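First comes the structure, then the notes that go with it.
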Amino acid sequence: MGNRLTTGRAGWLRLLTLGFAAAVSLTAGIAFLDLIGGNRPVFLDWLRTILLVLTGFWLVWGGTIGLLGALSPKPKRQPDLTRPEGKTAILVPIYNEDPVETFARIAAMNRQIVAKGLGEHFHFAILSDSTSLEVAAEEVSEFERLIVEPEAPGRIFYRRRERNIGRKAGNIEDFIAHSGAAYDYAIILDADSLMEADTMLAMVRRMDGDPKLGLLQTVPVVIAARTLFGRMMAYSSAYFSRYFARGAALLQGEDGPYLGHNAIVRVRAFASCCGLPVLSGKPPYGGHILSHDYVEAALLARGGWKVEVDPGLGGSFEQGPENLIEYAKRDRRWCQGNLQHRRLIAAPGLKFWSRFTFVQGIMAYLASPLWLLLLAASLLSSLIPDSGGDRWGATPWIIGVGVLTTLLLPKFAIALRGATDGTNAAFGGWRIIPSVLSEIVISTIMAPVLLGFQSRAVFQILFGMDGGWPATERDARAVPLRTAFSASWWIVLTALAALVFMAYAGPAFLPWLLPVAGPALLAPFVIWATARGGDRPVSTWLFSTANERAPSPIIVEAEAILASWRASEPVLTTSLAEVAVHA
Amino acid sequence: MKHQPFQPIDGLPNAPLAMPKQTLERGSALGGFFKAFFLVWQRN
C-alpha cells in the first residue's frame with residue numbers, strides 16, 4: 001500500500017512538473033516568436049523558436065526540481081544503526097589513480113568500521129584495472145600498508161585485472177562472477193570516495209529491512225577542493241545539490257538513478273539484472289556501455305527492484321575535478337556515455353521513468369549545441385530584413401528576465417530555505433551571501449566556455465570519434481595560461497568571429513551577444529584564473545562548506561593517515577607473491 | 001542471514017555468482033524481415 005502511495009505521488013508530481021516545464025517553455029516560445037517574427041514569421045524565426053522551446057524546457061525542468069527541493073520537507077528518517085544481518089563487500093574499483101590517497105581513505109573507513117566492532121560484517125575489495133605498470137607496482141607496494149591495518153588480513157583484498165574488459169562495469173562484474181555469492185550487499189565506491197561507517201551501516205540496515213530494495217544511492221558531497229573552480233563546485237555540491245537531490249528524489253520515487261558510486265546494491269539482484277551486453281556496432285555508439293550506472297538502475301527497476309536515492313543520508317563524500325580542463329575531460333567521457341543511451345531508450349521492458357532518465361541525460365549534453373545553434377541562427381537572422389508583421393509587444397527584456405528567473409529563482413529559494421532549516425548556519429551564516437552570489441557570477445562567466453567544450457564533445461561523437469577512457473586527474477590543479485590557451489583557442493576564435501559578424505550585420509544587437517561572446521573571448525583567462533589555488537585553498541571564507549567548518553571525523557582520519565603515509569616509505573611485511581593478483 | 005563458508009581463492013572468496021547478459025537492443029521488425037527474406041543466401 002505504502003509503495004503504491006509513493007509511486008502514485010511520484011506519478012502525479014512527474015505529470016505536474018513536466019506539464020509546468022512544457023507550459024512555461026511554450027509560453028516563452030510564443031513570446032519569442034512574437035518578438036522576432038510577429039504574425040509573419042519566416043523559416044529562421046520558426047527554427048529559433050523551436051530551439052528556444054527545446055532548450056528552455058530542460059532549463060525550466062532543472063529549475064523546477066530545485067524549487068521542489070527547496071519547498072520539500074526535510075527528511076526525518078532516523079538512521080537505524082543496530083547490528084547488520086547481511087554481509088557487505090565494499091568495492092573500490094581503481095584505474096591509474098594515486099594509490100596512496102585511495103588506500104589512505106580505505107584505511108580510514110576500515111578503522112571506523114573496526115572501532116565499531118563491525119569488522120566481520122564489512123570486507124573491502126580493491127579492484128584494480130590500472131593499465132600503467134608503474135601505478136600497478138605502486139598499488140601492490142602501498143597495499144602492504146593496508147594489510148597491517150586493524151583486522152585487515154582476510155578482510156581487505158586487492159586484485160588486478162590485466163585486461164580491463166568492460167571497463168568499470170566489467171571490473172565489478174568480474175568481482176561478482178568470482179566472489180559475489182559470499183556477500184549479501186556491495187557498497188560500490190570510486191577511487192576518490194569516502195564514507196562514514198555509520199552511513200554504511202545505515203545503508204545495510206535499510207537493505208536488511210526492505211527485501212525489495214535493490215539499490216540505495218547516497219548524494220555524495222565534493223570535498224578536498226583547493227582551486228577556485230574546485231571550491232565552487234564543492235560548494236555547489238554541498239549547498240545546492242542536497243535540495244536539488246531532494247526534489248529529484250520526489251519525482252524519481254522507486255525508479256531512482258544510480259551514480260555508479262557511493263551506493264549500496266543487493267548483490268543477487270544486481271547479478272540477476274545487471275549483466276551488461278556489448279552493444280552491436282563500433283564505438284562511440286556500439287561496444288561496451290560507457291555510462292553503465294544509469295543502465296544498471298534501469299535494469300534493476302525492470303527486474304522489479306526498488307532503486308532509491310536518499311538525500312538525507314550524510315557522511316558520503318567524493319572528490320571532483322579542480323579545473324575546467326579536467327572537468328571538460330570528464331564531461332567528454334560522460335557525454336559519449338549519455339549519447340550512447342539513445343540506443344537503449346527503446347530497450348524492451350524498461351519503465352517509463354528509466355526511458356525519460358536516458359532522454360534527460362542525452363539532453364544534458366545536446367542542449368549545448370542546440371543553444372549554439374540558436375545563437376548561430378540569431379546571428380544569421382540579423383542579415384534578413386524584418387518581415388514587419390504585427391506584434392503584441394513582447395520585448396527582449398521579457399525573454400531575458402524569464403531566463404534569469406529560471407536560472408536564479410531556485411538558487412535564491414534554496415538560500416531562503418537554508419535560512420530556516422539550519423543549513424545556512426552550518427555554512428557560516430552570513431558567509432553564504434557572498435558565496436551564493438559568487439557562485440552565480442562565476443558559473444555565468446564559465447557557462448559559455450563549458451558550452452564550447454560540450455558542443456565540441458557532441459559534434460565529435462556525432463562524427464563518430466571515440467574519446468576512449470581517460471582517467472580524471474582529480475588532484476590536477478593549476479593550469480598555466482599557455483595550456484589554457486592551447487585548450488581553448490578555438491573558443492576564442494569562434495567568439496571573435498561572432499562578434500565581428502554582429503558588429504557588421506547588426507550592431508544594435510551586439511549588447512545581447514556580449515554576455516556569451518565576452519567570456520568565450522576570454523576563455524583561456526577564465527580557465528587559468530579559476531584554476532588558481534594550488535597547494536593552499538584559494539580562500540577560507542569564500543565557498544566555505546559545512547564540512548570545512550566542522551569536518552567529519554572520517555575526513556580528519558583520512559587526511560591524518562595520508563599525511564603519515566606520505567611522510568614514510570611503505571614497509572614490506574608481506575612478500576609480493578602473497579598479494580592476490582589475478583587476470 | 002545464513003552465510004555459506006567459502007574457500008578463498010587468490011585472497012578473495014571463491015564464491016561465483018552468475019551474471020547473465022541482459023537484452024537491451026530491440027531488433028528492428030522491418031530489418032529482421034528484410035534480412036530473413038532477401039539475404040537468406042548470406043547465411044550459407
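Ordering of the C-alpha cells sets the chain letters (A, B, ...); residue numbers start at 1 within each chain; ligands are numbered from 1 in the order shown.
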With the cut-off set at 6 Å and counting only C-alpha atoms, tabulate each residue of chain B with an atom at most that distance from an atom of chain A, showing the nearest atom pair and its distance in Å to one decimal, ordered by chain and increasing number, as CSV.
residue,atom,partner,partner_atom,distance
B:Met1,CA,A:Glu85,CA,5.8
B:Asp10,CA,A:Ala580,CA,4.8
B:Gly11,CA,A:Ala580,CA,5.4
B:Pro13,CA,A:Ser179,CA,5.2
B:Asn14,CA,A:Ser179,CA,5.4
B:Ala15,CA,A:Ser179,CA,4.3
B:Pro16,CA,A:His178,CA,4.4
B:Leu17,CA,A:Ala177,CA,4.9
B:Ala18,CA,A:Ala177,CA,5.8
B:Met19,CA,A:Ala271,CA,4.6
B:Pro20,CA,A:Gly275,CA,5.3
B:Lys21,CA,A:Gly275,CA,4.3
B:Gln22,CA,A:Gly275,CA,5.6
B:Leu24,CA,A:Ala347,CA,4.8
B:Glu25,CA,A:Ala347,CA,5.5
B:Arg26,CA,A:Ala347,CA,5.9
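Across A:Ala563, A:Val500, A:Ala249, A:Leu228, the tightest approach to Met446 (chain A) is made by A:Leu228 when counting only C-alpha atoms.
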List every residue of region 199-339 of chain A that DSSP, applied to the backbone of this structure, assigns to helix (DSSP H, G or I), and report them as a PDB file with N, CA and C atoms, in the first residue's frame.
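To be explicit, this is the file written out as out-v1.pdb:
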ATOM      1  N   THR A 199      27.185   5.678   8.007  1.00  0.00           N
ATOM      2  CA  THR A 199      26.420   5.759   6.762  1.00  0.00           C
ATOM      3  C   THR A 199      26.314   4.376   6.125  1.00  0.00           C
ATOM      4  N   MET A 200      27.441   3.660   6.103  1.00  0.00           N
ATOM      5  CA  MET A 200      27.441   2.306   5.520  1.00  0.00           C
ATOM      6  C   MET A 200      26.493   1.397   6.315  1.00  0.00           C
ATOM      7  N   LEU A 201      26.576   1.524   7.640  1.00  0.00           N
ATOM      8  CA  LEU A 201      25.726   0.697   8.494  1.00  0.00           C
ATOM      9  C   LEU A 201      24.247   1.023   8.246  1.00  0.00           C
ATOM     10  N   ALA A 202      23.931   2.312   8.170  1.00  0.00           N
ATOM     11  CA  ALA A 202      22.543   2.722   7.933  1.00  0.00           C
ATOM     12  C   ALA A 202      22.047   2.183   6.587  1.00  0.00           C
ATOM     13  N   MET A 203      22.921   2.177   5.582  1.00  0.00           N
ATOM     14  CA  MET A 203      22.532   1.672   4.262  1.00  0.00           C
ATOM     15  C   MET A 203      22.253   0.162   4.328  1.00  0.00           C
ATOM     16  N   VAL A 204      23.125  -0.550   5.025  1.00  0.00           N
ATOM     17  CA  VAL A 204      22.945  -2.006   5.145  1.00  0.00           C
ATOM     18  C   VAL A 204      21.644  -2.319   5.882  1.00  0.00           C
ATOM     19  N   ARG A 205      21.359  -1.541   6.951  1.00  0.00           N
ATOM     20  CA  ARG A 205      20.124  -1.789   7.709  1.00  0.00           C
ATOM     21  C   ARG A 205      18.894  -1.485   6.856  1.00  0.00           C
ATOM     22  N   ARG A 206      18.999  -0.484   5.978  1.00  0.00           N
ATOM     23  CA  ARG A 206      17.867  -0.197   5.069  1.00  0.00           C
ATOM     24  C   ARG A 206      17.637  -1.397   4.144  1.00  0.00           C
ATOM     25  N   MET A 207      18.740  -1.996   3.670  1.00  0.00           N
ATOM     26  CA  MET A 207      18.622  -3.155   2.787  1.00  0.00           C
ATOM     27  C   MET A 207      18.071  -4.351   3.567  1.00  0.00           C
ATOM     28  N   ASP A 208      18.555  -4.519   4.807  1.00  0.00           N
ATOM     29  CA  ASP A 208      18.072  -5.624   5.648  1.00  0.00           C
ATOM     30  C   ASP A 208      16.561  -5.510   5.850  1.00  0.00           C
ATOM     31  N   GLY A 209      16.105  -4.260   6.042  1.00  0.00           N
ATOM     32  CA  GLY A 209      14.706  -4.037   6.403  1.00  0.00           C
ATOM     33  C   GLY A 209      13.753  -4.012   5.216  1.00  0.00           C
ATOM     34  N   LEU A 228      39.862  27.714  -7.110  1.00  0.00           N
ATOM     35  CA  LEU A 228      38.605  28.474  -7.135  1.00  0.00           C
ATOM     36  C   LEU A 228      37.507  27.625  -7.787  1.00  0.00           C
ATOM     37  N   PHE A 229      37.851  26.980  -8.933  1.00  0.00           N
ATOM     38  CA  PHE A 229      36.882  26.148  -9.640  1.00  0.00           C
ATOM     39  C   PHE A 229      36.435  24.980  -8.756  1.00  0.00           C
ATOM     40  N   GLY A 230      37.414  24.284  -8.179  1.00  0.00           N
ATOM     41  CA  GLY A 230      37.108  23.114  -7.352  1.00  0.00           C
ATOM     42  C   GLY A 230      36.263  23.476  -6.151  1.00  0.00           C
ATOM     43  N   ARG A 231      36.628  24.604  -5.495  1.00  0.00           N
ATOM     44  CA  ARG A 231      35.887  25.009  -4.299  1.00  0.00           C
ATOM     45  C   ARG A 231      34.466  25.441  -4.644  1.00  0.00           C
ATOM     46  N   MET A 232      34.320  26.081  -5.797  1.00  0.00           N
ATOM     47  CA  MET A 232      32.978  26.496  -6.203  1.00  0.00           C
ATOM     48  C   MET A 232      32.100  25.258  -6.484  1.00  0.00           C
ATOM     49  N   MET A 233      32.696  24.272  -7.161  1.00  0.00           N
ATOM     50  CA  MET A 233      31.942  23.049  -7.451  1.00  0.00           C
ATOM     51  C   MET A 233      31.610  22.308  -6.151  1.00  0.00           C
ATOM     52  N   ALA A 234      32.580  22.305  -5.219  1.00  0.00           N
ATOM     53  CA  ALA A 234      32.354  21.636  -3.932  1.00  0.00           C
ATOM     54  C   ALA A 234      31.234  22.329  -3.165  1.00  0.00           C
ATOM     55  N   TYR A 235      31.235  23.667  -3.210  1.00  0.00           N
ATOM     56  CA  TYR A 235      30.206  24.439  -2.512  1.00  0.00           C
ATOM     57  C   TYR A 235      28.838  24.155  -3.122  1.00  0.00           C
ATOM     58  N   SER A 236      28.824  24.159  -4.436  1.00  0.00           N
ATOM     59  CA  SER A 236      27.578  23.903  -5.147  1.00  0.00           C
ATOM     60  C   SER A 236      27.049  22.511  -4.794  1.00  0.00           C
ATOM     61  N   SER A 237      27.972  21.534  -4.752  1.00  0.00           N
ATOM     62  CA  SER A 237      27.570  20.151  -4.430  1.00  0.00           C
ATOM     63  C   SER A 237      27.073  20.043  -2.991  1.00  0.00           C
ATOM     64  N   ALA A 238      27.744  20.763  -2.060  1.00  0.00           N
ATOM     65  CA  ALA A 238      27.362  20.641  -0.652  1.00  0.00           C
ATOM     66  C   ALA A 238      26.118  21.452  -0.316  1.00  0.00           C
ATOM     67  N   TYR A 239      25.998  22.661  -0.923  1.00  0.00           N
ATOM     68  CA  TYR A 239      24.931  23.569  -0.514  1.00  0.00           C
ATOM     69  C   TYR A 239      23.661  23.380  -1.360  1.00  0.00           C
ATOM     70  N   PHE A 240      23.829  23.422  -2.695  1.00  0.00           N
ATOM     71  CA  PHE A 240      22.649  23.363  -3.569  1.00  0.00           C
ATOM     72  C   PHE A 240      22.183  21.926  -3.838  1.00  0.00           C
ATOM     73  N   SER A 241      23.164  21.012  -4.038  1.00  0.00           N
ATOM     74  CA  SER A 241      22.797  19.680  -4.543  1.00  0.00           C
ATOM     75  C   SER A 241      21.862  18.914  -3.615  1.00  0.00           C
ATOM     76  N   ARG A 242      22.001  19.128  -2.308  1.00  0.00           N
ATOM     77  CA  ARG A 242      21.143  18.384  -1.382  1.00  0.00           C
ATOM     78  C   ARG A 242      19.661  18.698  -1.646  1.00  0.00           C
ATOM     79  N   TYR A 243      19.390  19.980  -2.010  1.00  0.00           N
ATOM     80  CA  TYR A 243      17.993  20.355  -2.283  1.00  0.00           C
ATOM     81  C   TYR A 243      17.553  19.860  -3.659  1.00  0.00           C
ATOM     82  N   PHE A 244      18.463  20.008  -4.644  1.00  0.00           N
ATOM     83  CA  PHE A 244      18.132  19.506  -5.984  1.00  0.00           C
ATOM     84  C   PHE A 244      17.877  17.998  -5.905  1.00  0.00           C
ATOM     85  N   ALA A 245      18.717  17.287  -5.121  1.00  0.00           N
ATOM     86  CA  ALA A 245      18.563  15.829  -4.995  1.00  0.00           C
ATOM     87  C   ALA A 245      17.250  15.490  -4.298  1.00  0.00           C
ATOM     88  N   ARG A 246      16.853  16.324  -3.335  1.00  0.00           N
ATOM     89  CA  ARG A 246      15.591  16.097  -2.614  1.00  0.00           C
ATOM     90  C   ARG A 246      14.409  16.232  -3.583  1.00  0.00           C
ATOM     91  N   GLY A 247      14.472  17.286  -4.423  1.00  0.00           N
ATOM     92  CA  GLY A 247      13.419  17.481  -5.429  1.00  0.00           C
ATOM     93  C   GLY A 247      13.388  16.343  -6.422  1.00  0.00           C
ATOM     94  N   ALA A 248      14.585  15.931  -6.881  1.00  0.00           N
ATOM     95  CA  ALA A 248      14.659  14.845  -7.862  1.00  0.00           C
ATOM     96  C   ALA A 248      14.147  13.548  -7.255  1.00  0.00           C
ATOM     97  N   ALA A 249      14.483  13.296  -5.969  1.00  0.00           N
ATOM     98  CA  ALA A 249      14.063  12.046  -5.320  1.00  0.00           C
ATOM     99  C   ALA A 249      12.545  11.949  -5.243  1.00  0.00           C
ATOM    100  N   LEU A 250      11.869  13.111  -5.051  1.00  0.00           N
ATOM    101  CA  LEU A 250      10.399  13.105  -5.002  1.00  0.00           C
ATOM    102  C   LEU A 250       9.821  12.629  -6.332  1.00  0.00           C
ATOM    103  N   LEU A 251      10.474  13.055  -7.425  1.00  0.00           N
ATOM    104  CA  LEU A 251       9.981  12.689  -8.759  1.00  0.00           C
ATOM    105  C   LEU A 251      10.359  11.257  -9.125  1.00  0.00           C
ATOM    106  N   GLN A 252      11.545  10.845  -8.687  1.00  0.00           N
ATOM    107  CA  GLN A 252      12.034   9.522  -9.084  1.00  0.00           C
ATOM    108  C   GLN A 252      11.306   8.393  -8.366  1.00  0.00           C
ATOM    109  N   VAL A 267      23.435  -7.783  -3.873  1.00  0.00           N
ATOM    110  CA  VAL A 267      24.299  -8.473  -4.840  1.00  0.00           C
ATOM    111  C   VAL A 267      23.504  -9.415  -5.747  1.00  0.00           C
ATOM    112  N   ARG A 268      22.572 -10.182  -5.187  1.00  0.00           N
ATOM    113  CA  ARG A 268      21.846 -11.145  -6.029  1.00  0.00           C
ATOM    114  C   ARG A 268      20.925 -10.439  -7.041  1.00  0.00           C
ATOM    115  N   ALA A 269      20.341  -9.335  -6.617  1.00  0.00           N
ATOM    116  CA  ALA A 269      19.505  -8.559  -7.546  1.00  0.00           C
ATOM    117  C   ALA A 269      20.363  -7.983  -8.664  1.00  0.00           C
ATOM    118  N   PHE A 270      21.504  -7.444  -8.278  1.00  0.00           N
ATOM    119  CA  PHE A 270      22.415  -6.825  -9.242  1.00  0.00           C
ATOM    120  C   PHE A 270      22.920  -7.882 -10.232  1.00  0.00           C
ATOM    121  N   ALA A 271      23.273  -9.064  -9.693  1.00  0.00           N
ATOM    122  CA  ALA A 271      23.803 -10.127 -10.562  1.00  0.00           C
ATOM    123  C   ALA A 271      22.742 -10.603 -11.541  1.00  0.00           C
ATOM    124  N   SER A 272      21.505 -10.736 -11.065  1.00  0.00           N
ATOM    125  CA  SER A 272      20.476 -11.298 -11.945  1.00  0.00           C
ATOM    126  C   SER A 272      19.981 -10.293 -12.983  1.00  0.00           C
ATOM    127  N   CYS A 273      20.133  -8.998 -12.712  1.00  0.00           N
ATOM    128  CA  CYS A 273      19.559  -7.976 -13.623  1.00  0.00           C
ATOM    129  C   CYS A 273      20.589  -7.196 -14.421  1.00  0.00           C
ATOM    130  N   HIS A 292      27.417   3.150 -17.539  1.00  0.00           N
ATOM    131  CA  HIS A 292      26.726   1.907 -17.174  1.00  0.00           C
ATOM    132  C   HIS A 292      25.750   2.104 -16.028  1.00  0.00           C
ATOM    133  N   ASP A 293      26.024   3.123 -15.175  1.00  0.00           N
ATOM    134  CA  ASP A 293      25.246   3.261 -13.940  1.00  0.00           C
ATOM    135  C   ASP A 293      23.751   3.478 -14.184  1.00  0.00           C
ATOM    136  N   TYR A 294      23.421   4.409 -15.088  1.00  0.00           N
ATOM    137  CA  TYR A 294      22.003   4.668 -15.350  1.00  0.00           C
ATOM    138  C   TYR A 294      21.335   3.440 -15.973  1.00  0.00           C
ATOM    139  N   VAL A 295      22.116   2.686 -16.747  1.00  0.00           N
ATOM    140  CA  VAL A 295      21.555   1.481 -17.381  1.00  0.00           C
ATOM    141  C   VAL A 295      21.293   0.418 -16.314  1.00  0.00           C
ATOM    142  N   GLU A 296      22.225   0.299 -15.370  1.00  0.00           N
ATOM    143  CA  GLU A 296      22.043  -0.688 -14.306  1.00  0.00           C
ATOM    144  C   GLU A 296      20.834  -0.332 -13.438  1.00  0.00           C
ATOM    145  N   ALA A 297      20.647   0.961 -13.172  1.00  0.00           N
ATOM    146  CA  ALA A 297      19.466   1.384 -12.403  1.00  0.00           C
ATOM    147  C   ALA A 297      18.190   1.018 -13.169  1.00  0.00           C
ATOM    148  N   ALA A 298      18.200   1.261 -14.479  1.00  0.00           N
ATOM    149  CA  ALA A 298      17.020   0.949 -15.305  1.00  0.00           C
ATOM    150  C   ALA A 298      16.758  -0.550 -15.324  1.00  0.00           C
ATOM    151  N   LEU A 299      17.833  -1.352 -15.354  1.00  0.00           N
ATOM    152  CA  LEU A 299      17.668  -2.810 -15.402  1.00  0.00           C
ATOM    153  C   LEU A 299      17.149  -3.355 -14.067  1.00  0.00           C
ATOM    154  N   LEU A 300      17.609  -2.765 -12.968  1.00  0.00           N
ATOM    155  CA  LEU A 300      17.096  -3.203 -11.655  1.00  0.00           C
ATOM    156  C   LEU A 300      15.607  -2.884 -11.553  1.00  0.00           C
ATOM    157  N   ALA A 301      15.226  -1.673 -12.015  1.00  0.00           N
ATOM    158  CA  ALA A 301      13.803  -1.281 -11.982  1.00  0.00           C
ATOM    159  C   ALA A 301      13.004  -2.217 -12.899  1.00  0.00           C
ATOM    160  N   ARG A 302      13.580  -2.576 -14.045  1.00  0.00           N
ATOM    161  CA  ARG A 302      12.898  -3.506 -14.956  1.00  0.00           C
ATOM    162  C   ARG A 302      12.694  -4.870 -14.288  1.00  0.00           C
ATOM    163  N   LEU A 324      38.795  23.614 -15.119  1.00  0.00           N
ATOM    164  CA  LEU A 324      37.854  23.474 -16.238  1.00  0.00           C
ATOM    165  C   LEU A 324      38.300  22.428 -17.261  1.00  0.00           C
ATOM    166  N   ILE A 325      39.627  22.273 -17.444  1.00  0.00           N
ATOM    167  CA  ILE A 325      40.107  21.323 -18.446  1.00  0.00           C
ATOM    168  C   ILE A 325      39.824  19.885 -17.986  1.00  0.00           C
ATOM    169  N   GLU A 326      40.110  19.596 -16.697  1.00  0.00           N
ATOM    170  CA  GLU A 326      39.829  18.248 -16.187  1.00  0.00           C
ATOM    171  C   GLU A 326      38.317  17.977 -16.181  1.00  0.00           C
ATOM    172  N   TYR A 327      37.551  19.023 -15.888  1.00  0.00           N
ATOM    173  CA  TYR A 327      36.087  18.910 -15.893  1.00  0.00           C
ATOM    174  C   TYR A 327      35.603  18.567 -17.300  1.00  0.00           C
ATOM    175  N   ALA A 328      36.174  19.284 -18.300  1.00  0.00           N
ATOM    176  CA  ALA A 328      35.765  19.048 -19.693  1.00  0.00           C
ATOM    177  C   ALA A 328      36.167  17.644 -20.150  1.00  0.00           C
ATOM    178  N   LYS A 329      37.308  17.171 -19.641  1.00  0.00           N
ATOM    179  CA  LYS A 329      37.782  15.820 -19.990  1.00  0.00           C
ATOM    180  C   LYS A 329      36.793  14.766 -19.469  1.00  0.00           C
ATOM    181  N   ARG A 330      36.364  14.949 -18.221  1.00  0.00           N
ATOM    182  CA  ARG A 330      35.389  14.021 -17.637  1.00  0.00           C
ATOM    183  C   ARG A 330      34.057  14.131 -18.366  1.00  0.00           C
ATOM    184  N   ASP A 331      33.700  15.378 -18.699  1.00  0.00           N
ATOM    185  CA  ASP A 331      32.444  15.629 -19.393  1.00  0.00           C
ATOM    186  C   ASP A 331      32.414  14.939 -20.756  1.00  0.00           C
ATOM    187  N   ARG A 332      33.571  14.916 -21.425  1.00  0.00           N
ATOM    188  CA  ARG A 332      33.671  14.290 -22.749  1.00  0.00           C
ATOM    189  C   ARG A 332      33.320  12.799 -22.642  1.00  0.00           C
ATOM    190  N   ARG A 333      33.822  12.171 -21.570  1.00  0.00           N
ATOM    191  CA  ARG A 333      33.565  10.736 -21.336  1.00  0.00           C
ATOM    192  C   ARG A 333      32.081  10.521 -21.035  1.00  0.00           C
ATOM    193  N   TRP A 334      31.548  11.372 -20.134  1.00  0.00           N
ATOM    194  CA  TRP A 334      30.132  11.235 -19.754  1.00  0.00           C
ATOM    195  C   TRP A 334      29.223  11.519 -20.944  1.00  0.00           C
ATOM    196  N   CYS A 335      29.645  12.499 -21.765  1.00  0.00           N
ATOM    197  CA  CYS A 335      28.843  12.886 -22.929  1.00  0.00           C
ATOM    198  C   CYS A 335      28.703  11.687 -23.878  1.00  0.00           C
ATOM    199  N   GLN A 336      29.837  11.020 -24.134  1.00  0.00           N
ATOM    200  CA  GLN A 336      29.785   9.861 -25.034  1.00  0.00           C
ATOM    201  C   GLN A 336      28.896   8.767 -24.431  1.00  0.00           C
ATOM    202  N   GLY A 337      29.042   8.572 -23.129  1.00  0.00           N
ATOM    203  CA  GLY A 337      28.234   7.552 -22.451  1.00  0.00           C
ATOM    204  C   GLY A 337      26.750   7.872 -22.528  1.00  0.00           C
ATOM    205  N   ASN A 338      26.405   9.138 -22.297  1.00  0.00           N
ATOM    206  CA  ASN A 338      24.988   9.521 -22.315  1.00  0.00           C
ATOM    207  C   ASN A 338      24.402   9.453 -23.718  1.00  0.00           C
ATOM    208  N   LEU A 339      25.179   9.904 -24.722  1.00  0.00           N
ATOM    209  CA  LEU A 339      24.653   9.871 -26.089  1.00  0.00           C
ATOM    210  C   LEU A 339      24.477   8.420 -26.554  1.00  0.00           C
TER     211      LEU A 339
END
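Residues surrounding region 409-418 of chain A within 6 Å are Gly63, Gly66, Leu67, Ala70, Thr423 and Asn424 of chain A [only C-alpha atoms; sequence separation below 5 positions excluded].
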Emit the selected residues as a short mmCIF file (atom, residue, chain, number, x, y, z; two decimals), in the first residue's frame, including N, CA and C atoms.
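The result, stored in out-v5.cif:
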data_model
loop_
_atom_site.label_atom_id
_atom_site.label_comp_id
_atom_site.auth_asym_id
_atom_site.auth_seq_id
_atom_site.Cartn_x
_atom_site.Cartn_y
_atom_site.Cartn_z
N GLY A 63 15.22 23.84 -13.12
CA GLY A 63 14.88 24.84 -12.12
C GLY A 63 13.73 24.38 -11.24
N GLY A 66 14.87 22.08 -8.55
CA GLY A 66 15.49 22.83 -7.46
C GLY A 66 14.44 23.46 -6.55
N LEU A 67 13.39 24.04 -7.17
CA LEU A 67 12.31 24.66 -6.40
C LEU A 67 11.58 23.63 -5.54
N ALA A 70 13.64 22.86 -2.63
CA ALA A 70 13.65 23.94 -1.64
C ALA A 70 12.34 23.95 -0.83
N THR A 423 20.63 25.06 7.58
CA THR A 423 21.74 24.82 6.64
C THR A 423 22.68 26.02 6.58
N ASN A 424 22.09 27.23 6.50
CA ASN A 424 22.93 28.42 6.39
C ASN A 424 23.84 28.57 7.61
#
Residues near Trp353 (chain A), cut-off 8 Å, only C-alpha atoms, skip fewer than 2 positions along chain, as a VMD selection string
chain A and resid 252 255 351 355 to 357
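Our summary of the geometry notes that CA of Pro515 (chain A) is positioned 18.1 Å from CA of Thr530 (chain A).
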